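Have a look at protein36.txt; it's compact mmCIF, C-alpha atoms and all ligand atoms:
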```
# COMPACT_ATOMS: atom_id res chain seq x y z
CA MET A 1 -3.22 -41.25 -6.91
CA GLU A 2 -1.94 -43.29 -9.79
CA LYS A 3 -1.01 -41.42 -12.95
CA GLU A 4 0.07 -42.97 -16.24
CA CYS A 5 3.33 -42.36 -18.11
CA LEU A 6 2.45 -41.13 -21.58
CA PHE A 7 4.37 -43.65 -23.72
CA SER A 8 4.92 -46.78 -21.63
CA GLY A 9 1.69 -46.53 -19.67
CA LYS A 10 3.75 -47.24 -16.54
CA LYS A 11 1.91 -46.19 -13.35
CA VAL A 12 3.40 -43.59 -11.01
CA GLN A 13 2.07 -42.75 -7.53
CA ILE A 14 1.56 -39.00 -7.19
CA GLY A 15 0.19 -37.11 -4.21
CA VAL A 16 -0.22 -37.41 -0.45
CA ASP A 17 -0.66 -41.20 -0.57
CA SER A 18 2.58 -41.74 -2.52
CA THR A 19 5.33 -43.54 -0.61
CA ASP A 20 8.05 -42.25 -2.96
CA ASP A 21 9.21 -38.64 -3.07
CA ASN A 22 7.46 -36.75 -5.88
CA TYR A 23 9.29 -34.06 -7.85
CA ILE A 24 6.81 -32.22 -10.06
CA MET A 25 7.95 -29.74 -12.70
CA ALA A 26 5.24 -27.19 -13.54
CA ILE A 27 4.85 -24.40 -16.06
CA GLU A 28 2.64 -21.31 -15.67
CA SER A 29 1.95 -19.02 -18.66
CA SER A 30 -1.68 -17.91 -18.25
CA CYS A 31 -1.04 -14.16 -18.39
CA ASP A 32 2.12 -12.07 -18.30
CA GLU A 33 4.60 -14.24 -16.39
CA THR A 34 6.46 -17.18 -17.92
CA ALA A 35 7.26 -19.39 -14.96
CA CYS A 36 8.72 -22.82 -14.30
CA ALA A 37 9.25 -24.56 -10.95
CA ILE A 38 10.12 -27.91 -9.43
CA VAL A 39 8.44 -28.76 -6.11
CA LYS A 40 9.10 -31.78 -3.90
CA ASN A 41 6.05 -33.43 -2.36
CA GLY A 42 3.85 -30.40 -2.94
CA ARG A 43 5.51 -28.26 -0.27
CA ASP A 44 9.28 -27.90 -0.81
CA VAL A 45 10.30 -25.62 -3.67
CA VAL A 46 13.58 -26.79 -5.20
CA ALA A 47 13.47 -24.39 -8.17
CA ASN A 48 11.31 -21.33 -8.85
CA VAL A 49 11.90 -19.26 -11.98
CA VAL A 50 9.71 -16.37 -13.14
CA ALA A 51 10.26 -14.26 -16.28
CA SER A 52 8.03 -11.20 -15.92
CA GLN A 53 6.72 -9.27 -18.93
CA ILE A 54 5.84 -6.14 -16.93
CA LYS A 55 8.44 -4.02 -18.78
CA THR A 56 6.93 -5.00 -22.15
CA HIS A 57 3.31 -4.25 -21.27
CA GLU A 58 4.02 -1.12 -19.19
CA LYS A 59 4.09 1.12 -22.25
CA PHE A 60 0.63 -0.09 -23.34
CA GLY A 61 -0.93 0.34 -19.88
CA GLY A 62 -2.07 -3.30 -19.80
CA VAL A 63 -1.38 -6.80 -21.09
CA ILE A 64 -1.61 -7.20 -24.90
CA PRO A 65 -2.47 -10.91 -25.40
CA GLU A 66 -0.72 -11.38 -28.77
CA ILE A 67 2.51 -9.81 -27.53
CA ALA A 68 2.30 -11.78 -24.27
CA ALA A 69 1.99 -15.07 -26.15
CA ARG A 70 5.03 -14.27 -28.29
CA GLU A 71 7.07 -13.35 -25.21
CA HIS A 72 6.11 -16.67 -23.60
CA LEU A 73 7.51 -18.42 -26.69
CA ASP A 74 10.78 -16.50 -26.35
CA SER A 75 11.14 -17.29 -22.63
CA ILE A 76 9.79 -20.80 -22.20
CA ASN A 77 12.96 -22.78 -23.00
CA ILE A 78 15.05 -20.46 -20.87
CA VAL A 79 12.87 -20.78 -17.74
CA VAL A 80 12.66 -24.59 -18.07
CA GLN A 81 16.42 -24.90 -18.43
CA GLU A 82 16.99 -22.49 -15.53
CA ALA A 83 14.67 -24.56 -13.29
CA PHE A 84 16.61 -27.73 -14.04
CA GLU A 85 19.87 -25.91 -13.31
CA GLN A 86 18.62 -24.36 -10.04
CA SER A 87 17.39 -27.71 -8.76
CA GLY A 88 20.24 -29.92 -9.96
CA ILE A 89 17.57 -32.49 -10.83
CA ASN A 90 17.70 -34.48 -14.09
CA PRO A 91 14.57 -34.66 -16.27
CA GLU A 92 14.54 -38.46 -15.77
CA ASP A 93 14.03 -37.93 -12.03
CA ILE A 94 10.93 -35.73 -12.43
CA SER A 95 7.80 -37.64 -11.34
CA ALA A 96 5.36 -35.71 -13.57
CA PHE A 97 5.13 -32.58 -15.72
CA ALA A 98 2.30 -30.10 -15.04
CA ALA A 99 0.97 -26.91 -16.62
CA THR A 100 -1.82 -24.39 -16.17
CA VAL A 101 -4.69 -25.22 -18.54
CA GLY A 102 -6.96 -22.23 -17.72
CA PRO A 103 -8.48 -19.82 -17.01
CA GLY A 104 -6.21 -17.34 -18.80
CA LEU A 105 -5.23 -15.93 -22.17
CA VAL A 106 -5.61 -18.73 -24.68
CA GLY A 107 -2.54 -17.97 -26.80
CA CYS A 108 -0.42 -17.70 -23.65
CA LEU A 109 -1.75 -20.88 -22.07
CA LEU A 110 -1.02 -22.84 -25.24
CA VAL A 111 2.71 -22.13 -24.93
CA GLY A 112 3.07 -23.52 -21.41
CA LEU A 113 0.68 -26.40 -21.92
CA ASN A 114 2.41 -27.61 -25.07
CA ALA A 115 5.85 -27.29 -23.47
CA ALA A 116 4.75 -29.42 -20.49
CA LYS A 117 3.05 -32.01 -22.69
CA THR A 118 6.18 -32.24 -24.83
CA LEU A 119 8.42 -32.74 -21.80
CA ALA A 120 6.08 -35.44 -20.50
CA LEU A 121 6.14 -37.21 -23.87
CA VAL A 122 9.91 -36.93 -24.35
CA TYR A 123 10.73 -38.24 -20.86
CA ASP A 124 7.79 -40.68 -20.69
CA LYS A 125 6.20 -39.20 -17.56
CA PRO A 126 2.59 -38.41 -16.59
CA PHE A 127 1.15 -35.06 -17.64
CA ILE A 128 -1.03 -33.11 -15.15
CA GLY A 129 -3.15 -30.14 -16.25
CA VAL A 130 -4.00 -27.63 -13.51
CA ASN A 131 -6.72 -25.02 -12.96
CA HIS A 132 -5.06 -21.65 -12.29
CA LEU A 133 -7.47 -20.74 -9.47
CA ASN A 134 -6.90 -24.03 -7.64
CA ALA A 135 -3.20 -23.38 -8.03
CA HIS A 136 -3.45 -19.98 -6.32
CA LEU A 137 -5.08 -21.66 -3.31
CA CYS A 138 -2.38 -24.32 -3.21
CA ALA A 139 0.32 -21.64 -2.86
CA ASN A 140 -0.64 -21.88 0.82
CA TYR A 141 0.67 -25.46 1.06
CA ILE A 142 4.19 -24.32 0.16
CA ASP A 143 6.53 -24.35 3.17
CA THR A 144 3.62 -24.87 5.60
CA ASP A 145 1.78 -27.75 7.26
CA LEU A 146 -1.67 -26.48 6.18
CA LYS A 147 -4.26 -29.21 5.75
CA PRO A 148 -7.95 -28.80 4.87
CA PRO A 149 -10.56 -27.96 6.04
CA PHE A 150 -10.23 -24.18 5.76
CA MET A 151 -12.07 -21.12 4.43
CA ALA A 152 -10.33 -19.32 1.58
CA LEU A 153 -10.53 -15.87 0.05
CA LEU A 154 -9.23 -15.93 -3.51
CA VAL A 155 -8.53 -12.46 -4.89
CA SER A 156 -6.84 -12.04 -8.25
CA GLY A 157 -6.96 -9.97 -11.42
CA GLY A 158 -9.82 -12.06 -12.78
CA HIS A 159 -11.57 -13.56 -9.73
CA THR A 160 -12.92 -12.83 -6.28
CA GLN A 161 -14.26 -15.88 -4.48
CA ILE A 162 -14.91 -17.25 -1.03
CA ILE A 163 -14.18 -20.97 -1.18
CA ASP A 164 -15.00 -23.65 1.35
CA VAL A 165 -12.09 -26.12 1.10
CA GLU A 166 -13.34 -29.28 2.81
CA SER A 167 -10.56 -31.57 1.59
CA TYR A 168 -7.70 -31.47 -0.91
CA SER A 169 -10.17 -32.31 -3.67
CA LYS A 170 -13.53 -31.02 -2.44
CA GLN A 171 -14.05 -27.28 -2.77
CA THR A 172 -17.27 -25.29 -2.88
CA ILE A 173 -17.49 -21.68 -4.06
CA LEU A 174 -19.74 -19.92 -1.51
CA GLY A 175 -19.71 -16.55 -3.21
CA GLU A 176 -18.03 -14.48 -5.90
CA THR A 177 -18.06 -11.11 -7.56
CA ILE A 178 -21.06 -10.27 -9.69
CA ASP A 179 -19.08 -7.71 -11.72
CA ASP A 180 -15.41 -6.65 -11.42
CA ALA A 181 -12.79 -8.78 -9.70
CA VAL A 182 -10.86 -7.05 -6.90
CA GLY A 183 -7.62 -6.93 -8.90
CA GLU A 184 -9.52 -5.54 -11.86
CA ALA A 185 -11.07 -2.85 -9.63
CA TYR A 186 -7.60 -1.96 -8.32
CA ASP A 187 -6.19 -1.72 -11.83
CA LYS A 188 -9.11 0.37 -13.14
CA VAL A 189 -9.07 2.78 -10.18
CA ALA A 190 -5.29 3.07 -10.50
CA ARG A 191 -5.73 4.09 -14.16
CA LEU A 192 -8.44 6.62 -13.18
CA ILE A 193 -6.05 8.42 -10.87
CA GLY A 194 -3.20 8.30 -13.37
CA LEU A 195 -1.04 5.47 -12.01
CA PRO A 196 0.87 3.37 -14.55
CA TYR A 197 0.39 -0.40 -15.07
CA PRO A 198 0.48 -2.59 -13.02
CA GLY A 199 -1.84 -0.44 -10.95
CA GLY A 200 -2.66 -2.70 -7.99
CA PRO A 201 0.71 -2.74 -6.22
CA ARG A 202 1.28 0.97 -6.92
CA LEU A 203 -2.12 1.89 -5.48
CA ASP A 204 -1.35 -0.24 -2.40
CA LYS A 205 1.94 1.60 -1.86
CA LEU A 206 0.34 5.05 -2.08
CA ALA A 207 -2.55 3.95 0.16
CA GLN A 208 -0.09 3.30 2.96
CA GLU A 209 0.80 7.01 2.98
CA GLY A 210 -2.82 8.24 2.88
CA ASN A 211 -5.75 8.71 5.22
CA PRO A 212 -8.21 5.78 4.99
CA ILE A 213 -11.13 7.86 6.24
CA ALA A 214 -10.48 10.91 4.06
CA PHE A 215 -13.36 10.01 1.72
CA GLU A 216 -16.44 7.99 2.42
CA LEU A 217 -16.90 5.46 -0.38
CA PRO A 218 -19.92 3.16 -0.78
CA ILE A 219 -19.81 -0.40 0.55
CA SER A 220 -21.79 -2.66 -1.77
CA LYS A 221 -25.01 -4.10 -0.40
CA VAL A 222 -24.90 -7.31 -2.45
CA GLY A 223 -26.08 -10.21 -0.30
CA GLY A 224 -24.68 -13.52 0.93
CA TYR A 225 -21.04 -14.16 0.13
CA ASP A 226 -21.13 -12.38 -3.23
CA PHE A 227 -19.28 -9.17 -3.98
CA SER A 228 -19.69 -6.18 -6.27
CA PHE A 229 -17.00 -3.59 -6.99
CA SER A 230 -18.33 -1.68 -9.97
CA GLY A 231 -20.28 0.82 -7.81
CA LEU A 232 -17.15 1.59 -5.83
CA LYS A 233 -15.19 2.14 -9.04
CA THR A 234 -17.88 4.57 -10.28
CA ALA A 235 -17.80 6.39 -6.93
CA VAL A 236 -14.04 6.90 -7.31
CA LEU A 237 -14.60 8.20 -10.85
CA ARG A 238 -17.14 10.71 -9.53
CA LEU A 239 -14.76 11.75 -6.76
CA VAL A 240 -11.93 12.29 -9.26
CA LYS A 241 -14.22 14.36 -11.52
CA SER A 242 -15.29 16.50 -8.56
CA PHE A 243 -11.74 17.85 -8.37
CA ASP A 244 -12.29 19.33 -11.82
CA GLY A 245 -8.65 19.27 -12.89
CA ARG A 246 -7.26 20.47 -9.54
CA GLU A 247 -4.48 18.37 -8.02
CA LEU A 248 -5.84 15.06 -6.70
CA PRO A 249 -5.14 13.96 -3.12
CA VAL A 250 -3.92 10.69 -4.62
CA SER A 251 -2.74 8.95 -1.43
CA ASP A 252 -5.97 9.75 0.41
CA ILE A 253 -8.08 8.43 -2.47
CA CYS A 254 -5.97 5.26 -2.57
CA ALA A 255 -6.21 4.76 1.20
CA SER A 256 -9.99 5.33 1.24
CA PHE A 257 -10.52 2.90 -1.66
CA GLN A 258 -8.24 0.29 -0.06
CA GLU A 259 -10.05 0.62 3.28
CA CYS A 260 -13.43 0.09 1.64
CA VAL A 261 -12.28 -2.97 -0.36
CA SER A 262 -10.40 -4.67 2.47
CA LYS A 263 -13.24 -4.11 4.96
CA THR A 264 -15.79 -5.69 2.60
CA LEU A 265 -13.63 -8.71 1.79
CA VAL A 266 -12.60 -9.55 5.31
CA LYS A 267 -16.10 -9.06 6.74
CA LYS A 268 -17.51 -11.72 4.43
CA LEU A 269 -14.56 -14.05 4.89
CA LYS A 270 -15.02 -13.84 8.66
CA LYS A 271 -18.73 -14.53 8.39
CA ALA A 272 -18.08 -17.60 6.22
CA VAL A 273 -15.47 -19.12 8.51
CA GLU A 274 -17.63 -18.48 11.58
CA GLU A 275 -20.65 -20.08 9.95
CA LYS A 276 -18.71 -23.17 8.91
CA GLY A 277 -16.94 -23.47 12.26
CA TYR A 278 -13.46 -23.89 10.76
CA LYS A 279 -10.37 -22.77 12.62
CA GLN A 280 -8.19 -21.95 9.61
CA VAL A 281 -8.39 -19.03 7.16
CA VAL A 282 -6.44 -18.71 3.93
CA ILE A 283 -5.96 -15.91 1.40
CA ALA A 284 -4.62 -16.43 -2.10
CA GLY A 285 -4.18 -14.78 -5.50
CA GLY A 286 -2.28 -11.72 -6.70
CA VAL A 287 -4.28 -9.32 -4.54
CA ALA A 288 -3.42 -11.37 -1.44
CA ALA A 289 -0.12 -9.45 -1.71
CA ASN A 290 -2.05 -6.33 -0.65
CA SER A 291 -0.78 -4.85 2.62
CA GLU A 292 -4.15 -3.83 4.09
CA ILE A 293 -5.98 -7.05 3.17
CA ARG A 294 -3.15 -9.04 4.77
CA LYS A 295 -3.26 -6.84 7.87
CA LYS A 296 -6.99 -7.25 8.34
CA VAL A 297 -6.95 -11.01 7.65
CA PHE A 298 -4.02 -11.57 10.02
CA ALA A 299 -5.97 -9.64 12.69
CA LEU A 300 -8.30 -12.67 12.75
CA GLU A 301 -5.50 -14.45 14.63
CA ASN A 302 -6.52 -12.36 17.64
CA GLU A 303 -9.89 -14.07 17.44
CA GLY A 304 -8.40 -17.56 17.58
CA TYR A 305 -8.08 -18.36 13.88
CA LYS A 306 -4.94 -19.69 12.26
CA VAL A 307 -4.24 -17.51 9.22
CA PHE A 308 -2.27 -18.52 6.14
CA ALA A 309 -1.13 -16.18 3.35
CA PRO A 310 1.54 -17.06 0.81
CA PRO A 311 4.72 -14.96 0.80
CA MET A 312 4.59 -12.26 -1.91
CA LYS A 313 6.45 -14.29 -4.52
CA TYR A 314 3.87 -17.10 -4.32
CA CYS A 315 0.85 -14.71 -4.29
CA THR A 316 1.30 -13.41 -7.82
CA ASP A 317 1.53 -15.81 -10.74
CA ASN A 318 4.26 -18.44 -10.33
CA ALA A 319 4.76 -22.09 -11.21
CA SER A 320 5.46 -23.46 -7.70
CA MET A 321 1.76 -23.13 -6.87
CA VAL A 322 0.94 -25.07 -10.06
CA ALA A 323 3.30 -27.89 -9.08
CA SER A 324 1.82 -27.95 -5.58
CA CYS A 325 -1.69 -28.13 -7.04
CA ALA A 326 -0.70 -31.00 -9.35
CA TYR A 327 0.48 -32.89 -6.25
CA PHE A 328 -2.40 -32.17 -3.86
CA ASN A 329 -5.38 -31.65 -6.05
CA THR A 330 -7.26 -34.51 -7.53
CA ASN A 331 -9.36 -32.14 -9.70
CA THR A 332 -6.73 -32.13 -12.41
CA PHE A 333 -6.87 -32.58 -16.18
CA ASP A 334 -4.65 -35.57 -16.89
CA ASP A 335 -5.71 -36.27 -20.46
CA ILE A 336 -2.99 -35.40 -22.98
CA ASP A 337 -5.73 -34.08 -25.31
CA VAL A 338 -6.92 -31.48 -22.77
CA GLU A 339 -7.60 -28.06 -24.36
CA VAL A 340 -6.86 -24.66 -22.85
CA PHE A 341 -9.81 -22.57 -21.64
CA SER A 342 -10.10 -18.83 -21.11
CA ARG A 343 -12.86 -18.57 -18.47
CA VAL A 344 -14.34 -20.83 -15.80
O1 LIG B 401 -3.14 -13.59 -9.42
P1 LIG B 401 -2.53 -12.60 -10.30
O2 LIG B 401 -1.02 -12.49 -10.34
O3 LIG B 401 -3.02 -12.79 -11.77
C1 LIG B 401 -4.29 -13.30 -12.04
O4 LIG B 401 -4.45 -14.53 -12.00
O5 LIG B 401 -5.18 -12.44 -12.23
O6 LIG B 401 -3.16 -11.19 -9.89
C2 LIG B 401 -2.85 -10.02 -10.56
C3 LIG B 401 -3.64 -8.91 -9.93
C4 LIG B 401 -3.55 -7.61 -10.68
O7 LIG B 401 -4.84 -7.06 -10.82
C5 LIG B 401 -2.70 -6.74 -9.74
O8 LIG B 401 -2.96 -5.37 -9.85
C6 LIG B 401 -3.11 -7.27 -8.39
O9 LIG B 401 -3.20 -8.67 -8.58
N1 LIG B 401 -2.15 -6.99 -7.30
C7 LIG B 401 -2.43 -6.18 -6.27
C8 LIG B 401 -1.26 -6.14 -5.46
N2 LIG B 401 -0.31 -6.94 -6.05
C9 LIG B 401 -0.87 -7.45 -7.17
N3 LIG B 401 -3.55 -5.52 -5.95
C10 LIG B 401 -3.55 -4.79 -4.82
N4 LIG B 401 -2.46 -4.70 -4.01
C11 LIG B 401 -1.32 -5.34 -4.27
N5 LIG B 401 -0.26 -5.24 -3.46
ZN ZN B 402 -3.16 -15.66 -11.16
```

Structure encoded using structure tokens:
Amino acid sequence: MEKECLFSGKKVQIGVDSTDDNYIMAIESSCDETACAIVKNGRDVVANVVASQIKTHEKFGGVIPEIAAREHLDSINIVVQEAFEQSGINPEDISAFAATVGPGLVGCLLVGLNAAKTLALVYDKPFIGVNHLNAHLCANYIDTDLKPPFMALLVSGGHTQIIDVESYSKQTILGETIDDAVGEAYDKVARLIGLPYPGGPRLDKLAQEGNPIAFELPISKVGGYDFSFSGLKTAVLRLVKSFDGRELPVSDICASFQECVSKTLVKKLKKAVEEKGYKQVVIAGGVAANSEIRKKVFALENEGYKVFAPPMKYCTDNASMVASCAYFNTNTFDDIDVEVFSRV
């Protein structure tokens, strides 16, 4: 695809049809990580820098948007500089600058977007705006030879979707959650049983020590490829209350919850890939770091599917996936006047 340099209007070839090597610098700042990366030709990471705000938000038990935005401001120059240093690449040799446009926290997104636009203007390069959800999917292109078509399960703090990826640019959402996202359910249940923020990974860790059939929790009956997790969350609340202040069997509750969630997700993913007749299955998003979901999805390899899941560092928010998305995905926002958005 041809993209235009912001000042000179010079055309640059970006993407799979480019004959020149593309080095894309991307910034991610949609939530509580300030990240910058440089990726060569959508697959080879030459720099990956992430400044996490977990320590800041831990004491509040969740992300405070105003504080997050201010921390992005403090970190942005540092992560950009660090990415240039890690890669040894000069700004002049970057093919395009990219940033997450949404969905995310508006004040946070503004920091990364404006930094990337400024870099593109200063160095007279194209600017590429990226959808955060598309970026999570594209984490699977990093260090692999994955090519569409494939069936994807996107599980993050804000979204739960089954996506039919027909080509790099054509994606259809087959189903999604009608209430809580999986990550949200993890974080809420973690809070219910007294685990500190960020709840998801902590719950996962405890679940590995517990008995997955200790408690029978309800599997939602929502039809098609849609999901619902609010009933499950309420069931855990009821279970916790039934202990009436006595010590909770925390690991067993975690394991039972994790079993119920992972079973539901993978069942629908399997049905979708079977129906479409694809041979490749992909998981993406922060919750794709979950041990049991990974285990169950990788078990599909025994049924003849090729399974892709990003390594942990590319599952949770990072900028390499944004750079990869800017390279592969034609559904980008290339207008310099693009505005951030909070929800899809
Ligand atoms: O994709 P992500 O980094 O941010 C969003 O775009 O939402 O996902 C963050 C979510 C949080 O809800 C977090 O608790 C969850 O991913 N998460 C996990 C695990 N690691 C992160 N949930 C369950 N098990 C994990 N190992
Ligand atoms: Zn994310």

Applying 8 Å and only C-alpha atoms, which residues near segment 188-196 of chain A remain after dropping the ones on its own chain fewer than 2 positions away? List them as number ranges by chain. A: 58, 61, 184-186, 198-200, 202-203, 233, 236-237, 240, 248, 250

key: Distance criterion (only C-alpha atoms and all ligand atoms): nearest to ligand LIG 401 (chain B) out of A:His136, A:Lys263, A:Lys221, A:Arg246   =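 So, comparing all the options, the nearest one is A:His136.
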
Might you pull out every residue within 10 Å of Phe84 of chain A, with only C-alpha atoms counted and same-chain residues fewer than 2 positions away left off, and present them as a list in words? Met25, Cys36, Ala37, Ile38, Val46, Ala47, Asn48, Val49, Val79, Val80, Gln81, Glu82, Gln86, Ser87, Gly88, Ile89, Asn90, Pro91 and Ile94 of chain A

- Message: Show me which residues are within 6 Å of ligand LIG 401 (chain B) counting all atoms listed in the file, and format the list as an NGL selection string.
- Response: :A and (156-158 or 183-184 or 186-187 or 198-201 or 204 or 285-287 or 289-290 or 316-317)

Exercise. Find, counting all atoms listed in the file, the residue in A:Tyr141, A:Phe308, A:Phe97, A:Tyr123 that gets nearest to Ile27 of chain A.
Key: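 Answer, going by the shortest atom-to-atom distance: A:Phe97.
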
Which residues are near Lys11 of chain A? Cut-off 10 Å, all atoms listed in the file, ignore same chain within fewer than 5 positions. Put them as a list in words.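 Counting all atoms listed in the file, the residues come to Met1, Glu2, Lys3, Glu4, Cys5, Leu6, Lys125 and Pro126 of chain A.
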
Contacts of segment 280-283 of chain A within 7 Å, all atoms listed in the file, excl. fewer than 2 positions in-chain, as a PyMOL selection string: chain A and resi 150-154+278+288+305-309

Identify, counting all atoms listed in the file, the protein, DNA and RNA residues located within 12 Å of ligand ZN 402 (chain B), and give them as a ChimeraX atom specification.
/A:28-35,100,102-105,131-139,154-160,181,183-184,284-289,313-319,321-322

Practice prompt. Would you mind listing what lies within 8 Å of Pro218 of chain A as a VMD selection string, with only C-alpha atoms counted and same-chain residues fewer than 3 positions away left out?
Written response: chain A and resid 231 to 232 235 260

Given only C-alpha atoms as the basis, pick out the residue of A:Gln258, A:Ser52, A:Asn331, A:Ser169 nearest to Lys295 of chain A.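 Among A:Gln258, A:Ser52, A:Asn331, A:Ser169, it is A:Gln258 that comes nearest to Lys295 of chain A.
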
### Query
What is the distance between atom CA of Ala68 of chain A and atom CA of Thr56 of chain A, in Å to one decimal?
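For atom CA of Ala68 of chain A relative to atom CA of Thr56 of chain A, the distance reads 8.5 Å.
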
**Message:** Could you tell me how far atom CA of Asp21 of chain A sits from atom CA of Asp44 of chain A, in Å to one decimal place?
**Reply:**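 Here the two named atoms are 11.0 Å from each other.
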
Starting from the point (-13.2, -13.8, 10.5), work out which residues of protein, DNA or RNA have an atom no more than 10 Å away when counting all atoms listed in the file; state them as a ChimeraX atom specification. /A:151,266-275,279-281,296-305,307

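Our summary of the geometry notes that atom CA of Ser262 of chain A is positioned 5.1 Å from atom CA of Ile293 of chain A.
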
**Study point:** Residue with smallest distance to Thr332 of chain A - pool A:Ile162, A:Cys108, A:Ala51, A:Ile128, counting all atoms listed in the file
**Key:**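 The answer is A:Ile128, which sits nearest to Thr332 of chain A.
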
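Closest approach to Ala96 of chain A among A:Tyr23, A:Phe60, A:Phe243, A:Tyr168 is made by A:Tyr23 (distances from all atoms listed in the file).
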